[in-house]
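Before any comments, here is the structure.
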Amino acid sequence: MAMISIPENTSAILLDIEGTTTPITFVKDILFPYIKDHLEEHLSAHWEEDECKQDVHLLKKQVEEDLRLNRACAQHALDQSVHTDEEKAIREVVDNVLWQMASDRKTTALKQLQGHMWRAAYAAGRIKGEVYQDVVPSIRRWRHQGLKVYVYSSGSVEAQKLLFGYSVEGDLLDLFDGHFDTNIGSKVESKSYERIAERIGSPPEEIMFLTDVTREAKAAEDAGVKVVVVVRPGNMELTEEEKSHYHLITTFSQLEVTGSP
(Lines give C-alpha, C1' and ligand atoms only; values in the text may rest on other atoms or scores of the structure.)
Protein backbone atom coordinates (compact mmCIF):
# COMPACT_ATOMS: atom_id res chain seq x y z
CA MET A 1 0.00 0.00 0.00
CA ALA A 2 1.08 3.56 -0.73
CA MET A 3 2.28 6.24 1.66
CA ILE A 4 -0.45 8.41 3.17
CA SER A 5 0.18 12.01 4.16
CA ILE A 6 -0.86 13.31 7.55
CA PRO A 7 -2.28 16.75 6.68
CA GLU A 8 -0.31 19.75 7.95
CA ASN A 9 -3.18 20.97 10.13
CA THR A 10 -3.11 17.71 12.15
CA SER A 11 -2.13 18.25 15.78
CA ALA A 12 -2.96 14.85 17.32
CA ILE A 13 -3.00 11.16 16.45
CA LEU A 14 -5.57 9.01 18.27
CA LEU A 15 -4.80 5.29 18.37
CA ASP A 16 -6.95 2.24 18.89
CA ILE A 17 -5.09 -0.71 20.45
CA GLU A 18 -6.50 -4.12 19.51
CA GLY A 19 -5.81 -4.79 15.82
CA THR A 20 -4.05 -1.42 15.48
CA THR A 21 -1.02 -1.13 17.78
CA THR A 22 -1.32 -4.68 19.08
CA PRO A 23 -2.19 -8.03 17.48
CA ILE A 24 -5.76 -9.16 18.07
CA THR A 25 -4.27 -12.52 19.03
CA PHE A 26 -2.63 -10.94 22.10
CA VAL A 27 -6.02 -9.97 23.49
CA LYS A 28 -7.83 -13.15 22.45
CA ASP A 29 -5.09 -15.68 23.16
CA ILE A 30 -3.28 -14.12 26.15
CA LEU A 31 -5.31 -11.49 28.01
CA PHE A 32 -8.81 -12.96 27.89
CA PRO A 33 -7.79 -16.56 28.70
CA TYR A 34 -5.83 -15.22 31.71
CA ILE A 35 -9.08 -13.77 33.11
CA LYS A 36 -11.03 -16.99 32.52
CA ASP A 37 -8.32 -19.17 34.05
CA HIS A 38 -7.70 -17.02 37.17
CA LEU A 39 -11.04 -15.28 37.84
CA GLU A 40 -12.36 -17.49 40.63
CA GLU A 41 -8.93 -17.64 42.27
CA HIS A 42 -8.66 -13.81 42.14
CA LEU A 43 -12.11 -13.24 43.64
CA SER A 44 -11.54 -15.76 46.42
CA ALA A 45 -8.21 -14.18 47.35
CA HIS A 46 -9.44 -10.56 47.32
CA TRP A 47 -13.20 -10.84 48.11
CA GLU A 48 -13.03 -8.82 51.34
CA GLU A 49 -10.78 -6.09 49.94
CA ASP A 50 -12.23 -2.68 49.06
CA GLU A 51 -11.09 -2.76 45.42
CA CYS A 52 -12.72 -6.14 44.81
CA LYS A 53 -15.90 -5.01 46.57
CA GLN A 54 -16.03 -1.98 44.30
CA ASP A 55 -15.56 -4.19 41.22
CA VAL A 56 -18.45 -6.44 42.32
CA HIS A 57 -20.60 -3.38 43.09
CA LEU A 58 -20.06 -2.03 39.56
CA LEU A 59 -20.95 -5.41 38.05
CA LYS A 60 -24.14 -5.47 40.12
CA LYS A 61 -25.04 -1.96 38.92
CA GLN A 62 -24.53 -3.12 35.32
CA VAL A 63 -26.96 -6.02 35.85
CA GLU A 64 -29.53 -3.63 37.31
CA GLU A 65 -29.19 -1.33 34.31
CA ASP A 66 -29.50 -4.26 31.90
CA LEU A 67 -32.69 -5.42 33.64
CA ARG A 68 -34.10 -1.89 33.64
CA LEU A 69 -33.47 -1.56 29.90
CA ASN A 70 -34.68 -5.10 29.20
CA ARG A 71 -31.27 -6.07 27.82
CA ALA A 72 -30.15 -9.67 27.86
CA CYS A 73 -28.12 -10.36 30.97
CA ALA A 74 -26.59 -13.26 32.85
CA GLN A 75 -28.92 -15.72 34.52
CA HIS A 76 -28.15 -14.64 38.10
CA ALA A 77 -28.42 -11.08 39.36
CA LEU A 78 -25.44 -10.10 41.48
CA ASP A 79 -26.16 -9.21 45.07
CA GLN A 80 -23.15 -9.32 47.31
CA SER A 81 -25.07 -8.24 50.42
CA VAL A 82 -27.66 -11.02 50.68
CA HIS A 83 -25.34 -14.03 50.37
CA THR A 84 -24.07 -15.75 53.46
CA ASP A 85 -22.44 -18.34 51.25
CA GLU A 86 -19.31 -16.61 49.89
CA GLU A 87 -18.61 -19.35 47.39
CA LYS A 88 -22.10 -19.00 45.92
CA ALA A 89 -21.66 -15.23 45.64
CA ILE A 90 -18.29 -15.65 43.95
CA ARG A 91 -19.78 -18.23 41.56
CA GLU A 92 -22.45 -15.74 40.50
CA VAL A 93 -19.82 -13.09 39.78
CA VAL A 94 -17.79 -15.61 37.79
CA ASP A 95 -20.88 -16.62 35.80
CA ASN A 96 -21.69 -12.98 35.03
CA VAL A 97 -18.14 -12.07 33.99
CA LEU A 98 -17.77 -15.14 31.76
CA TRP A 99 -21.16 -14.44 30.19
CA GLN A 100 -20.18 -10.82 29.48
CA MET A 101 -16.89 -11.95 27.92
CA ALA A 102 -18.63 -14.60 25.80
CA SER A 103 -21.04 -11.88 24.62
CA ASP A 104 -18.07 -9.60 23.79
CA ARG A 105 -19.48 -6.86 25.98
CA LYS A 106 -17.41 -3.73 26.61
CA THR A 107 -18.95 -2.55 29.88
CA THR A 108 -16.92 -0.35 32.17
CA ALA A 109 -17.65 -2.74 35.07
CA LEU A 110 -16.14 -5.70 33.19
CA LYS A 111 -13.15 -3.70 31.97
CA GLN A 112 -12.37 -2.43 35.47
CA LEU A 113 -12.23 -5.93 36.98
CA GLN A 114 -10.14 -7.20 34.08
CA GLY A 115 -7.77 -4.26 34.47
CA HIS A 116 -7.21 -5.04 38.14
CA MET A 117 -6.46 -8.68 37.37
CA TRP A 118 -4.09 -7.84 34.53
CA ARG A 119 -2.25 -5.35 36.76
CA ALA A 120 -1.17 -8.16 39.08
CA ALA A 121 -0.19 -10.39 36.13
CA TYR A 122 1.91 -7.70 34.43
CA ALA A 123 3.62 -6.71 37.67
CA ALA A 124 4.51 -10.36 38.33
CA GLY A 125 5.95 -10.72 34.81
CA ARG A 126 3.34 -13.31 33.78
CA ILE A 127 2.21 -11.11 30.89
CA LYS A 128 4.06 -8.63 28.64
CA GLY A 129 2.20 -6.26 26.32
CA GLU A 130 2.69 -6.90 22.60
CA VAL A 131 3.06 -4.11 20.02
CA TYR A 132 3.73 -4.34 16.31
CA GLN A 133 7.34 -3.57 15.37
CA ASP A 134 6.39 -0.48 13.33
CA VAL A 135 4.50 1.17 16.21
CA VAL A 136 7.25 2.55 18.46
CA PRO A 137 9.53 4.06 15.77
CA SER A 138 6.51 5.62 14.03
CA ILE A 139 5.17 7.21 17.22
CA ARG A 140 8.63 8.56 18.04
CA ARG A 141 8.79 10.07 14.53
CA TRP A 142 5.34 11.67 14.84
CA ARG A 143 6.20 13.14 18.23
CA HIS A 144 9.50 14.46 16.88
CA GLN A 145 7.48 16.20 14.17
CA GLY A 146 5.32 17.93 16.81
CA LEU A 147 2.27 15.67 16.91
CA LYS A 148 0.63 14.61 20.16
CA VAL A 149 -0.36 10.95 20.47
CA TYR A 150 -3.33 9.61 22.44
CA VAL A 151 -4.90 6.19 22.96
CA TYR A 152 -8.64 5.41 22.81
CA SER A 153 -9.57 1.82 23.57
CA SER A 154 -12.53 -0.10 24.95
CA GLY A 155 -10.05 -1.52 27.47
CA SER A 156 -9.81 0.55 30.65
CA VAL A 157 -7.18 3.29 30.92
CA GLU A 158 -5.49 1.17 33.55
CA ALA A 159 -5.35 -1.83 31.18
CA GLN A 160 -3.94 0.40 28.43
CA LYS A 161 -1.19 1.71 30.70
CA LEU A 162 -0.32 -1.82 31.80
CA LEU A 163 0.00 -3.03 28.20
CA PHE A 164 2.32 -0.17 27.23
CA GLY A 165 4.04 0.12 30.59
CA TYR A 166 5.01 -3.58 30.70
CA SER A 167 5.51 -4.13 26.97
CA VAL A 168 7.91 -6.43 25.15
CA GLU A 169 9.77 -3.22 24.24
CA GLY A 170 9.89 -1.90 27.81
CA ASP A 171 7.99 1.01 29.34
CA LEU A 172 6.41 2.99 26.48
CA LEU A 173 4.14 5.28 28.50
CA ASP A 174 6.26 8.35 27.71
CA LEU A 175 5.16 8.03 24.07
CA PHE A 176 1.57 8.98 24.89
CA ASP A 177 0.01 12.30 25.88
CA GLY A 178 -3.16 10.76 27.28
CA HIS A 179 -5.51 7.77 27.40
CA PHE A 180 -9.27 7.42 26.90
CA ASP A 181 -11.63 4.49 27.49
CA THR A 182 -15.41 3.92 27.50
CA ASN A 183 -15.81 6.37 30.38
CA ILE A 184 -15.70 9.07 27.68
CA GLY A 185 -18.32 7.16 25.67
CA SER A 186 -18.73 4.26 23.27
CA LYS A 187 -16.25 4.01 20.39
CA VAL A 188 -19.11 3.68 17.90
CA GLU A 189 -20.75 6.97 18.94
CA SER A 190 -19.60 10.21 17.32
CA LYS A 191 -20.18 12.19 20.54
CA SER A 192 -17.26 10.29 22.11
CA TYR A 193 -14.84 11.71 19.56
CA GLU A 194 -16.25 15.22 20.07
CA ARG A 195 -15.63 14.84 23.82
CA ILE A 196 -12.06 13.64 23.21
CA ALA A 197 -11.41 16.61 20.92
CA GLU A 198 -12.70 18.94 23.63
CA ARG A 199 -10.63 17.19 26.32
CA ILE A 200 -7.35 17.40 24.40
CA GLY A 201 -8.00 20.92 23.16
CA SER A 202 -7.87 20.19 19.44
CA PRO A 203 -10.77 20.65 16.99
CA PRO A 204 -11.93 17.33 15.49
CA GLU A 205 -10.54 18.19 12.05
CA GLU A 206 -7.03 18.39 13.55
CA ILE A 207 -7.22 14.83 14.89
CA MET A 208 -6.41 11.65 12.96
CA PHE A 209 -7.85 8.38 14.34
CA LEU A 210 -6.29 5.02 13.50
CA THR A 211 -8.50 1.96 13.98
CA ASP A 212 -9.21 -1.43 12.42
CA VAL A 213 -12.99 -1.24 13.07
CA THR A 214 -15.04 0.56 10.44
CA ARG A 215 -17.97 1.24 12.81
CA GLU A 216 -15.54 3.22 14.96
CA ALA A 217 -14.10 4.87 11.87
CA LYS A 218 -17.58 6.01 10.80
CA ALA A 219 -18.36 7.44 14.25
CA ALA A 220 -15.09 9.38 14.26
CA GLU A 221 -15.69 10.58 10.70
CA ASP A 222 -19.19 11.76 11.65
CA ALA A 223 -17.58 13.87 14.39
CA GLY A 224 -15.27 15.50 11.83
CA VAL A 225 -12.17 13.49 12.77
CA LYS A 226 -9.82 12.29 10.00
CA VAL A 227 -9.69 8.50 9.82
CA VAL A 228 -7.25 5.84 8.62
CA VAL A 229 -8.24 2.16 8.78
CA VAL A 230 -5.45 -0.22 9.80
CA VAL A 231 -5.30 -3.60 8.06
CA ARG A 232 -3.38 -6.14 10.14
CA PRO A 233 -3.24 -9.97 10.08
CA GLY A 234 -6.33 -11.43 11.75
CA ASN A 235 -8.36 -8.21 11.57
CA MET A 236 -11.92 -8.31 10.26
CA GLU A 237 -12.20 -8.39 6.48
CA LEU A 238 -13.29 -5.11 4.90
CA THR A 239 -16.00 -4.88 2.26
CA GLU A 240 -15.12 -3.49 -1.16
CA GLU A 241 -17.12 -0.36 -0.28
CA GLU A 242 -15.11 0.11 2.92
CA LYS A 243 -11.83 -0.41 1.07
CA SER A 244 -12.72 2.30 -1.44
CA HIS A 245 -14.09 4.72 1.17
CA TYR A 246 -11.28 4.75 3.74
CA HIS A 247 -7.56 5.40 3.59
CA LEU A 248 -5.94 2.04 4.41
CA ILE A 249 -2.52 1.20 5.87
CA THR A 250 -0.88 -2.08 6.82
CA THR A 251 1.87 -0.43 8.88
CA PHE A 252 2.24 2.88 10.74
CA SER A 253 5.35 3.61 8.69
CA GLN A 254 3.07 4.41 5.73
CA LEU A 255 1.95 7.60 7.47
CA GLU A 256 4.12 10.63 6.85
CA VAL A 257 3.65 14.22 7.97
CA THR A 258 3.08 16.56 5.02
CA GLY A 259 6.09 18.80 4.48
CA SER A 260 8.34 16.72 6.73
CA PRO A 261 11.90 16.09 5.55
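Letters A, B, ... mark the chains of the C-alpha coordinates in the order given; residue numbers begin at 1 per chain; ligand numbers begin at 1, in order shown.
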
Might you pull out every residue within 6 Å of stretch 4-19 of chain A, with only C-alpha atoms counted and same-chain residues fewer than 4 positions away left off, and present them as a CSV table (one decimal) with N, CA, C and O atoms, in the first residue's frame?
```csv
chain,number,residue,atom,x,y,z
A,23,PRO,N,-1.5,-6.9,18.2
A,23,PRO,CA,-2.2,-8.0,17.5
A,23,PRO,C,-3.5,-8.4,18.2
A,23,PRO,O,-3.5,-8.5,19.5
A,24,ILE,N,-4.5,-8.7,17.5
A,24,ILE,CA,-5.8,-9.2,18.1
A,24,ILE,C,-5.5,-10.4,18.8
A,24,ILE,O,-6.1,-10.7,19.9
A,147,LEU,N,3.6,16.2,16.7
A,147,LEU,CA,2.3,15.7,16.9
A,147,LEU,C,2.1,15.1,18.3
A,147,LEU,O,3.1,14.6,18.9
A,148,LYS,N,0.9,15.3,18.9
A,148,LYS,CA,0.6,14.6,20.2
A,148,LYS,C,0.0,13.3,19.8
A,148,LYS,O,-0.7,13.1,18.8
A,149,VAL,N,0.2,12.3,20.7
A,149,VAL,CA,-0.4,10.9,20.5
A,149,VAL,C,-1.2,10.5,21.7
A,149,VAL,O,-0.7,10.5,22.8
A,150,TYR,N,-2.4,10.1,21.4
A,150,TYR,CA,-3.3,9.6,22.4
A,150,TYR,C,-3.8,8.2,22.1
A,150,TYR,O,-3.8,7.8,21.0
A,151,VAL,N,-4.3,7.5,23.1
A,151,VAL,CA,-4.9,6.2,23.0
A,151,VAL,C,-6.4,6.2,23.3
A,151,VAL,O,-6.8,6.9,24.3
A,152,TYR,N,-7.2,5.6,22.5
A,152,TYR,CA,-8.6,5.4,22.8
A,152,TYR,C,-9.0,4.0,22.6
A,152,TYR,O,-9.0,3.5,21.4
A,153,SER,N,-9.3,3.2,23.7
A,153,SER,CA,-9.6,1.8,23.6
A,153,SER,C,-10.8,1.5,24.5
A,153,SER,O,-11.0,2.1,25.4
A,206,GLU,N,-8.5,18.4,13.4
A,206,GLU,CA,-7.0,18.4,13.6
A,206,GLU,C,-6.6,17.1,14.1
A,206,GLU,O,-5.4,16.9,14.5
A,207,ILE,N,-7.5,16.1,14.3
A,207,ILE,CA,-7.2,14.8,14.9
A,207,ILE,C,-7.3,13.7,13.8
A,207,ILE,O,-8.2,13.8,13.0
A,208,MET,N,-6.4,12.8,13.8
A,208,MET,CA,-6.4,11.6,13.0
A,208,MET,C,-6.5,10.4,13.8
A,208,MET,O,-5.7,10.2,14.7
A,209,PHE,N,-7.6,9.6,13.6
A,209,PHE,CA,-7.9,8.4,14.3
A,209,PHE,C,-7.5,7.2,13.5
A,209,PHE,O,-7.9,7.0,12.4
A,210,LEU,N,-6.7,6.3,14.1
A,210,LEU,CA,-6.3,5.0,13.5
A,210,LEU,C,-7.0,3.9,14.2
A,210,LEU,O,-6.9,3.7,15.4
A,211,THR,N,-7.8,3.1,13.4
A,211,THR,CA,-8.5,2.0,14.0
A,211,THR,C,-8.6,0.9,12.9
A,211,THR,O,-8.5,1.1,11.7
A,212,ASP,N,-8.9,-0.3,13.4
A,212,ASP,CA,-9.2,-1.4,12.4
A,212,ASP,C,-10.7,-1.7,12.3
A,212,ASP,O,-11.1,-2.5,11.5
A,254,GLN,N,3.6,3.8,7.0
A,254,GLN,CA,3.1,4.4,5.7
A,254,GLN,C,2.6,5.8,5.9
A,254,GLN,O,2.2,6.5,5.0
A,255,LEU,N,2.4,6.3,7.2
A,255,LEU,CA,2.0,7.6,7.5
A,255,LEU,C,3.1,8.6,7.6
A,255,LEU,O,4.0,8.4,8.4
A,256,GLU,N,3.1,9.6,6.8
A,256,GLU,CA,4.1,10.6,6.9
A,256,GLU,C,3.5,12.0,7.0
A,256,GLU,O,2.4,12.3,6.4
A,257,VAL,N,4.2,12.9,7.8
A,257,VAL,CA,3.7,14.2,8.0
A,257,VAL,C,4.0,15.0,6.7
A,257,VAL,O,5.1,15.0,6.2
A,258,THR,N,2.9,15.7,6.2
A,258,THR,CA,3.1,16.6,5.0
A,258,THR,C,4.1,17.6,5.3
A,258,THR,O,4.1,18.3,6.3
```

Residues of stretch 39-150 of chain A that have any atom at most 8 Å from an atom of stretch 166-176 of chain A: could you tabulate them with the shortest-distance atom pair and the distance in Å to one decimal, using only C-alpha atoms, ordered by chain and increasing number, as JSON lines?
```
{"residue": "A:Tyr122", "atom": "CA", "partner": "A:Tyr166", "partner_atom": "CA", "distance": 6.4}
{"residue": "A:Ala123", "atom": "CA", "partner": "A:Tyr166", "partner_atom": "CA", "distance": 7.8}
{"residue": "A:Lys128", "atom": "CA", "partner": "A:Ser167", "partner_atom": "CA", "distance": 5.0}
{"residue": "A:Gly129", "atom": "CA", "partner": "A:Ser167", "partner_atom": "CA", "distance": 4.0}
{"residue": "A:Glu130", "atom": "CA", "partner": "A:Val168", "partner_atom": "CA", "distance": 5.8}
{"residue": "A:Val131", "atom": "CA", "partner": "A:Ser167", "partner_atom": "CA", "distance": 7.4}
{"residue": "A:Ile139", "atom": "CA", "partner": "A:Leu175", "partner_atom": "CA", "distance": 6.9}
{"residue": "A:Arg140", "atom": "CA", "partner": "A:Leu175", "partner_atom": "CA", "distance": 7.0}
{"residue": "A:Arg143", "atom": "CA", "partner": "A:Leu175", "partner_atom": "CA", "distance": 7.8}
{"residue": "A:Lys148", "atom": "CA", "partner": "A:Phe176", "partner_atom": "CA", "distance": 7.4}
{"residue": "A:Val149", "atom": "CA", "partner": "A:Phe176", "partner_atom": "CA", "distance": 5.2}
{"residue": "A:Tyr150", "atom": "CA", "partner": "A:Phe176", "partner_atom": "CA", "distance": 5.5}
```

What does the distance between atom CA of A:Val56 and atom CA of A:Glu41 come to in Å, to one decimal place? 14.7 Å

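Nearest to A:Ala159 of all the residues A:Ala45, A:Val27, A:Gly125, A:Arg91 is A:Val27, counting only C-alpha atoms.
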
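With only C-alpha atoms as the atoms that count, the residue of A:Lys161, A:Arg215, A:Arg71, A:His247 with the shortest distance to A:Ser186 is A:Arg215.
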
Which of stretch 15-169 of chain A counts as alpha helix (DSSP H) under DSSP, as a PyMOL selection string please? chain A and resi 24-26+32-46+50-68+86-102+108-123+135-144+157-165

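Closest approach to A:Asp177 from the set A:Lys106, A:Lys191, A:Lys88, A:Arg199 is made by A:Arg199, with distances taken over only C-alpha atoms.
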
Contacts between stretch 112-121 of chain A and stretch 149-218 of chain A, please, where a residue of stretch 149-218 of chain A counts if it comes within 10 Å (with only C-alpha atoms); show its shortest atom pair and distance in Å to one decimal, rows by chain and ascending number, as CSV.
```
residue,atom,partner,partner_atom,distance
A:Gly155,CA,A:Gly115,CA,7.9
A:Ser156,CA,A:Gln112,CA,6.2
A:Val157,CA,A:Gly115,CA,8.4
A:Glu158,CA,A:Gly115,CA,6.0
A:Ala159,CA,A:Gly115,CA,4.8
A:Gln160,CA,A:Gly115,CA,8.5
A:Lys161,CA,A:Arg119,CA,9.4
A:Leu162,CA,A:Arg119,CA,6.4
A:Leu163,CA,A:Trp118,CA,8.9
A:Tyr166,CA,A:Arg119,CA,9.6
```

Using only C-alpha atoms, determine which residues lie at most 12 Å from A:Glu48, disregarding the query and same-chain residues fewer than 6 positions distant; provide the list as a short mmCIF file (atom, residue, chain, number, x, y, z; two decimals) with all heavy atoms, in the first residue's frame.
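In the end it all went to part.cif:
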```cif
data_model
loop_
_atom_site.label_atom_id
_atom_site.label_comp_id
_atom_site.auth_asym_id
_atom_site.auth_seq_id
_atom_site.Cartn_x
_atom_site.Cartn_y
_atom_site.Cartn_z
N HIS A 42 -8.82 -15.23 41.81
CA HIS A 42 -8.66 -13.81 42.14
C HIS A 42 -9.74 -13.34 43.09
O HIS A 42 -9.46 -12.67 44.10
CB HIS A 42 -8.69 -12.98 40.85
CG HIS A 42 -8.75 -11.50 41.07
ND1 HIS A 42 -7.64 -10.73 41.30
CD2 HIS A 42 -9.82 -10.63 41.13
CE1 HIS A 42 -7.99 -9.47 41.48
NE2 HIS A 42 -9.31 -9.39 41.39
N GLN A 54 -15.60 -3.00 45.25
CA GLN A 54 -16.03 -1.98 44.30
C GLN A 54 -16.26 -2.60 42.92
O GLN A 54 -17.22 -2.25 42.22
CB GLN A 54 -14.98 -0.87 44.21
CG GLN A 54 -15.44 0.29 43.34
CD GLN A 54 -14.31 1.22 42.95
OE1 GLN A 54 -13.15 0.81 42.86
NE2 GLN A 54 -14.62 2.48 42.68
N ASP A 55 -15.39 -3.51 42.52
CA ASP A 55 -15.56 -4.19 41.22
C ASP A 55 -16.89 -4.93 41.17
O ASP A 55 -17.63 -4.85 40.19
CB ASP A 55 -14.41 -5.17 40.98
CG ASP A 55 -13.08 -4.47 40.74
OD1 ASP A 55 -13.08 -3.26 40.42
OD2 ASP A 55 -12.03 -5.14 40.87
N VAL A 56 -17.20 -5.67 42.25
CA VAL A 56 -18.45 -6.44 42.32
C VAL A 56 -19.65 -5.49 42.33
O VAL A 56 -20.67 -5.74 41.67
CB VAL A 56 -18.45 -7.36 43.55
CG1 VAL A 56 -19.82 -8.01 43.73
CG2 VAL A 56 -17.37 -8.43 43.41
N GLN A 80 -24.18 -8.92 46.36
CA GLN A 80 -23.15 -9.32 47.31
C GLN A 80 -23.68 -9.32 48.73
O GLN A 80 -23.24 -10.09 49.57
CB GLN A 80 -21.96 -8.35 47.20
CG GLN A 80 -20.71 -8.85 47.88
CD GLN A 80 -19.57 -7.86 47.73
OE1 GLN A 80 -19.79 -6.75 47.29
NE2 GLN A 80 -18.38 -8.26 48.09
N GLU A 86 -20.27 -17.35 50.72
CA GLU A 86 -19.31 -16.61 49.89
C GLU A 86 -19.03 -17.30 48.58
O GLU A 86 -18.95 -16.66 47.53
CB GLU A 86 -18.00 -16.42 50.69
CG GLU A 86 -16.97 -15.59 49.96
CD GLU A 86 -15.71 -15.38 50.79
OE1 GLU A 86 -15.82 -14.79 51.88
OE2 GLU A 86 -14.64 -15.83 50.35
N ILE A 90 -19.41 -15.69 44.90
CA ILE A 90 -18.29 -15.65 43.95
C ILE A 90 -18.67 -16.35 42.65
O ILE A 90 -18.38 -15.87 41.55
CB ILE A 90 -17.03 -16.29 44.58
CG1 ILE A 90 -16.48 -15.37 45.68
CG2 ILE A 90 -15.96 -16.56 43.52
CD1 ILE A 90 -15.36 -15.98 46.49
#
```

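Shortest atom-to-atom contact with A:Asp104 among A:Lys226, A:Thr182, A:Thr20, A:Lys28: A:Lys28, counting only C-alpha atoms.
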
Would you please give, as JSON, numbers by chain, all residues of stretch 3-251 of chain A that DSSP assigns to strand (DSSP E) based on the backbone? {"A": [4, 5, 6, 12, 13, 14, 15, 148, 149, 150, 151, 152, 178, 179, 180, 207, 208, 209, 210, 211, 226, 227, 228, 229, 230, 247, 248, 249]}

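If you look at atom CA of A:Ala2 and atom CA of A:Phe164, they are 28.2 Å away from each other.
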
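Among A:Thr250, A:Asn96, A:Thr214, A:Ser138, the residue with the shortest atom-to-atom distance to A:Glu40, counting only C-alpha atoms, is A:Asn96.
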
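Distances from A:Ile184, A:Ala109, A:Ile35, A:Ile196 to A:Glu65 were compared using only C-alpha atoms, and the smallest one belongs to A:Ala109.
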